[in-house]
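Written below as structure tokens is the structure these notes are about.
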Amino acid sequence: MEGTPSLDRRSLFRTMAGVGALAAAGQLITPATALAAPASPRIFTCAEWGARAVSGITTLNHRPNRILVHHMANPNSTTYTQAHAFQVARNCQAGHMGQGWADTGQHFTISRGGHVMEGRKGSLSTLRGRTQMIKAAHCPGFNENSIGIENEGTYTSAVPTTAQWNALVNMCAYVCYQYGISPSNISGHRDHFATACPGNQFYAKLAQLRSEVRAKL
């Protein structure tokens, strides 16, 4: 059974009180309030990138109310191919399951080439369904109410590639629309856990991320 990890995930890769109240606080939107639905990004499924078979995944019968942005803290590869992205996803799953987790910890993964992949099995189908979410393992205390998005690379002194950034903006906009999450509820891993993730440079861009996502809704 998967529990709270004893180690920060970085070491591996060297309900709602009421919709009306949250909306009034600027914490929640509903799809009906958006000007237009953002385009659904191309998201490669677990089957497409070659995920291992898994069991013990929990589906929660409520929507998340937040997005957490992560970096993997792995090398900033200059290989931007789909094949490389799929290998990153497989390596991520192997590392997390090697730690004793049920599957990849996060819901979605974005490569430096801008390829978006489903992480934990079931994350894509529940996102499309809009009423449920998969219990994750990307941040203690937030695994049952937030969507975790991992970004390949290390961003303590570098910034994401343009392709990766654009993919993240589009993905966050889609998640916000599907689940009725306000862009103001996009935050970094370090906001909720003692970690450097998602790196100083990436963290400094989160206000811009929220602004660009808001512009798409």
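Here's how to read the names in the structure tokens: chain A, B, ... by the order shown, residue numbers from 1 in each chain, ligand numbers from 1 in the order shown.
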
Please identify which residues in range 4-214 of chain A DSSP calls helix (DSSP H, G or I) from the backbone, and express them as a ChimeraX atom specification. /A:9-12,19-24,31-33,46-49,82-98,123-129,162-179,183-185,189-191,200-203,206-214

Residue among A:Ala51, A:Thr154, A:Leu68, A:Ala89 lying closest to Ala196 in chain A, counting only C-alpha atoms: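 Answer, going by the shortest atom-to-atom distance: A:Thr154.
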
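Using only C-alpha atoms, the smallest distance between any of A:Gln132, A:Thr156, A:Thr162, A:Asn143 and Tyr80 in chain A comes from A:Thr162.
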
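Residues in contact range of Pro183 in chain A, defined as at most 10 Å between only C-alpha atoms, with sequence neighbours fewer than 2 positions away removed, read Gly26, Gln27, Leu28, Ile29, Arg66, Ile67, Cys172, Ala173, Val175, Cys176, Tyr177, Gly180, Ile181, Asn185, Ile186, Ser187, Ala207, Leu209, Arg210, Ser211, Glu212, Val213, Arg214, Ala215 and Leu217 of chain A.
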
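Across the structure, CA of Met117 in chain A and CA of Thr45 in chain A are spaced 6.1 Å apart.
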
Residue nearest Pro41 in chain A - candidates A:Gln93, A:His107, A:Val169, A:Thr78, atoms counted: only C-alpha atoms: A:Val169

Residue contacts of Met171 in chain A (10 Å, only C-alpha atoms) excluding same-chain residues fewer than 4 positions away, as number ranges by chain: A: 38-43, 108, 110, 116, 149, 165-167, 175-177, 213

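The residue that comes closest to Cys139 in chain A, out of A:Gln208, A:Gln106, A:Ser182, A:Gln201 and on the basis of only C-alpha atoms, is A:Gln106.
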
Per DSSP on the backbone, filter range 34-195 of chain A down to the residues in strand (DSSP E) and report them as a ChimeraX atom specification. /A:43-44,59-60,66-71,108-110,116-118,133-134,146-151,186-188

Let me make sure I understand: among A:Ala36, A:Arg52, A:Asn65, A:Ala163, which one has the smallest atom-to-atom distance to Ser184 in chain A if we use only C-alpha atoms?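 Nearest to Ser184 in chain A: A:Asn65.
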
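You can rank A:Phe44, A:Arg130, A:Ala136, A:Ala204 by their closest distance to Gly56 in chain A using only C-alpha atoms, and at the top of that list sits A:Ala136.
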
Interatomic distance (Å, one decimal) between CA of Pro75 in chain A and CA of Gly153 in chain A: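 Computing the Euclidean distance for CA of Pro75 in chain A and CA of Gly153 in chain A yields 5.4 Å.
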
Would you pick out the contacts of Met72 in chain A at 6 Å or less, using only C-alpha atoms, so that residues sharing its chain but fewer than 2 positions from it are not included, and give the list as a PyMOL selection string? chain A and resi 74+151-153

Written file, previous selection with C-alpha atoms, as a compact mmCIF listing (two decimals), in the first residue's frame:
# COMPACT_ATOMS: atom_id res chain seq x y z
CA ASN A 74 17.23 15.60 -13.96
CA ASN A 151 8.54 19.07 -16.13
CA GLU A 152 11.65 17.32 -17.40
CA GLY A 153 14.83 19.15 -16.42
